[in-house]
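**Student:** Dumping the structure here so I can ask a few things about it.
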Amino acid sequence: MHRTDGSSSVWISVVFLLLDCYLEAVFGHLSYSISEEVDRGTFVGNIARDLNLNVQELETRIFQIVAGSKTKYFEVNLKTGALYVNERIDREELCGDEAKCSLNVEAVINNPLKLYRFEIIILDVNDNSPSFPKTLISMNISENTATGAKFPMTPAEDSDVGKNSVNTYKLSQNNYFALVTHKLDSVALELVLQKALDREKQAVVKLVLTAIDGGTPAKSGSMTILVNVLDINDNAPVFTQTLYKATVYENAKIGTSIITVNATDMDAGQNGEVIYSFSEMGRGKQTNLFEIDKITGTITNKKNVDFEENNAFEIRVQASDGAPSPLTSHSKLLIEVLDVNDNAPEITVTSLLNTVKEDASIGTAIALVSVFDKDGGRNGMVNCDISNNVPFKLESNYKNYYSIVVDGPLDREKAPHYNISITAVDEGSPPLSSTSVILVHVSDVNDNKPHFSESTINIFIKENSPTGAVIKTVSADDEDTDQNGKVSYSLLQDNRNSLPLSSMININSETGDIISLQSFNHEELKTFQFKVQATDSGVPPLSSNVTVKVLILDENDNNPTILAPYSEHGSVNSETIPYSAEAGYFVAKIRAVDADSGYNALLSYHLSEPKGNNLFRIGTSTGEIRTKRRMSNNDLKTHPLVVLVSDNGEPSLSATVSIEVMVVESTADVQTKFRHVPIKEDSFSDLNLYLLIAIVSVCVIFLLSLISLIAVRCHRTDGTFSRYSAPMITTHPDGSWSYSKATQQYDVCFSSDTLKSDVVVFPAPFPPADAELISINGGDTFTRTQTLPNKEKVRHR
């Protein structure tokens, strides 16, 4: 190709055509025209103005050219709205010899999504010269050829179209031939013999045929024709038809017979034998697909015929006789190729969004789909749909152009991506189909709160645990991803909580480790609670809370304390008893308390006296010192006793008190710091009244407890006591009884054979790791009965 020089060869014409707005979706479109071979960047038109779009919105709404051809010949300046040439345009390369050459271009703009279609007509410039298939041909013409004989010539070809194509032909000046041009569907050239040839005068006639196009300036091409004048063979073969027509199906088997042509020669012998062939004039690549039997004139295909490449062929057939200087005649053959459904639809997808948010609204467009079938007629009609069950659908835009839009709610936590299967089926018989799979990723939005597996978390920690220990690790799950699923932990401040939580505990914001900042004392604080908040890192952040209950378990860290009147440290207390005291005579009562709880506060009393002296005993649970037998003459007058008070902890802690018991002759001399022995009178003393009230109260509590226990056992449902062990009541031989339950335990000590009685209640820690019961046997020994542990495991730190 040659590029036209001068400013007159580069011109731009812009045509704007806007049809009725109601038919725009189907028929209306913009139309521009531009010459081929213009420079890159050449202005085509202001598409923003022609489409009534705001130039300032082109960039934000992502206006772009999305379809048209494989090469992106045009581009849009998003700042000015100008449509300009982006690549070199060669009309002959794009459209060949078609009279009209145009490109259908599509553009799309988002928010909201809208598709525009417009046509750009490529105008031809005279950049190609006419050319003949051959620059030199030879013709054999008998000398007795009659004047007026016609010899067809191969027309020149010009890649340009319109007025730039071949316009006229000129034949060099000669004495024998004239050029005749026939303009019907196509230009036909014929050399007409105007004067009889005389081989003896001129054996060879040299002609020059020139083709001139209609461009400005005009271009031309020429071909040399050598006419060999032959001696007499005065009859040429004659075809039965001047025009033959035939049809053949594409993909027909090689060697399929298409048509048989027939010509006859009136000459006899060798001059009358007819030989068939394809004419060299007009012979192109189409004749490479076919061959003709030179004897029979049968035409067959020697290669595969494809309707999509060429749907018709025009072939020149010639018949020559067998004379040494053969005569020939010509006929035209038109072969029509019939289409078969041998091409599956082609699917092209242009993605608009790399990912789609899971909260995308219904109707959001994510991709454009175009479908094309090379076949013609019904074989080229295509139906397109999404074949699998996904929350997307196809919306038709124009003919075989579709948009993939959201058709249902998306949830990334359930489906992080979708494989959309698009199936296109043509209407051929049998139908052909193709499938394209598009992978669409769903991006996360912060729509899930962190979730704790428990609504309340119980933490069991022993008192006196070291500071800085991790007492519990809380964890919350967030189904979101990345920052939306990254959870941080914090303590939730509560103004109603009077405890200084910030000085007691801390929480690691990343791991959820709850750390103690101080050592806890069960005697000062038995339980406290607070809330932990889990917050994700989304925008806006979402959070959830969990209540944490800290239960401080008691440790045996307090020694028993002796109560008055025997509480003086390091002193020896004295008591007196009469010599006439009977067995079981009340000497003294040791009372002690323990600041611990539960079994750590359950006290037992033991008596230590000199060897060989077995005069006194002490109630292990009551602390009452009594005589075992009557006095004898061998007994000492002074008896030093050491009372050991021990708790039930592990290890056990204890305290001691020393008592010196002196034996006197008369009961009048008996004195004690603890009491005066009352004289048995008939009158009812205040002490007896208090004792009676205490006895009645204990009996009522016992009966109510027993009734409640029976009622609960009769009416409770399964699992009522699943958390803790069943309550137990044990009565001791010395008149005391104990009541044990998982939530709390009481030991009530009572002695019926003393002048003074004490009711001592020992509360157990709440809630206990294990429910235990201490039963006191008649021999003043301890038996521990341990009930089944509750299901919640105590965590020790």
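For the structure tokens, the naming scheme is as follows: chains receive sequential letters (A, B, ...) according to their order of presentation, residues are indexed from 1 within each chain, and ligands are indexed from 1 in presentation order.
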Given only C-alpha atoms, how would the per-residue table for region 26-62 of chain A near region 100-119 of chain A read, listing every residue at most 6 Å away with its closest atom pair and distance in Å to one decimal, sorted by chain and number, as a tab-separated table?
**Tutor:**
```
residue	atom	partner	partner_atom	distance
A:His29	CA	A:Phe118	CA	4.9
A:Leu30	CA	A:Phe118	CA	4.5
A:Ser31	CA	A:Glu119	CA	4.6
A:Arg61	CA	A:Asn110	CA	5.0
A:Ile62	CA	A:Ile109	CA	5.8
```
**Student:** Please produce a file of the residues just selected, as a compact mmCIF listing (two decimals), in the first residue's frame, where the atoms kept are C-alpha atoms.
**Tutor:**
```txt
# COMPACT_ATOMS: atom_id res chain seq x y z
CA HIS A 29 -26.82 4.34 17.37
CA LEU A 30 -24.20 6.99 16.66
CA SER A 31 -22.38 6.91 13.36
CA ARG A 61 -17.97 6.31 36.13
CA ILE A 62 -15.23 4.37 34.29
```
**Student:** Among region 93-264 of chain A, which ones does DSSP place in strand (DSSP E), written as a ChimeraX atom specification?
**Tutor:** /A:102-109,114-123,136-142,150-153,166-171,177-183,187-193,204-213,220-230,238-239,243-249,257-260,263-264
**Student:** For region 341-355 of chain A, work out the shell of residues within 7 Å, counting only C-alpha atoms and skipping chain neighbours fewer than 3 positions away, then give it as a tab-separated table (two decimals) with C-alpha atoms, in the first residue's frame.
**Tutor:**
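Resulting contents of out10.tsv:
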```
chain	number	residue	atom	x	y	z
A	366	ILE	CA	-20.20	-7.74	36.99
A	367	ALA	CA	-19.38	-8.70	33.39
A	368	LEU	CA	-20.38	-8.33	29.74
A	369	VAL	CA	-20.90	-11.39	27.54
A	370	SER	CA	-20.95	-11.52	23.74
A	371	VAL	CA	-21.80	-14.62	21.69
A	372	PHE	CA	-20.90	-15.24	18.04
A	373	ASP	CA	-21.54	-18.17	15.67
A	374	LYS	CA	-19.73	-18.33	12.33
A	375	ASP	CA	-22.52	-20.36	10.74
A	379	ASN	CA	-27.26	-22.43	12.32
A	424	ALA	CA	-24.60	-20.95	24.36
A	425	VAL	CA	-26.65	-23.26	22.06
A	426	ASP	CA	-27.31	-22.59	18.36
A	428	GLY	CA	-28.84	-25.87	14.03
A	429	SER	CA	-29.71	-29.52	13.53
A	432	LEU	CA	-24.03	-27.27	18.84
A	433	SER	CA	-23.15	-25.64	22.13
A	434	SER	CA	-20.21	-24.24	24.06
A	436	SER	CA	-17.57	-20.77	29.38
A	440	VAL	CA	-16.33	-14.59	40.49
A	441	HIS	CA	-14.81	-13.89	43.90
A	442	VAL	CA	-17.00	-12.51	46.69
A	443	SER	CA	-15.26	-9.93	48.87
```
**Student:** In Å, how far is it from CA of Phe74 (chain A) to CA of Glu57 (chain A)?
**Tutor:** 19.8 Å
**Student:** Which one is closest to Ser142 (chain A): A:Lys589, A:Arg199, A:His639, A:Arg713? Count only C-alpha atoms.
**Tutor:**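 Closest candidate: A:Arg199.
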**Student:** So, counting only C-alpha atoms, which residue among A:Val274, A:Pro130, A:Asp339, A:Leu327 is closest to Asp306 (chain A)?
**Tutor:** A:Asp339
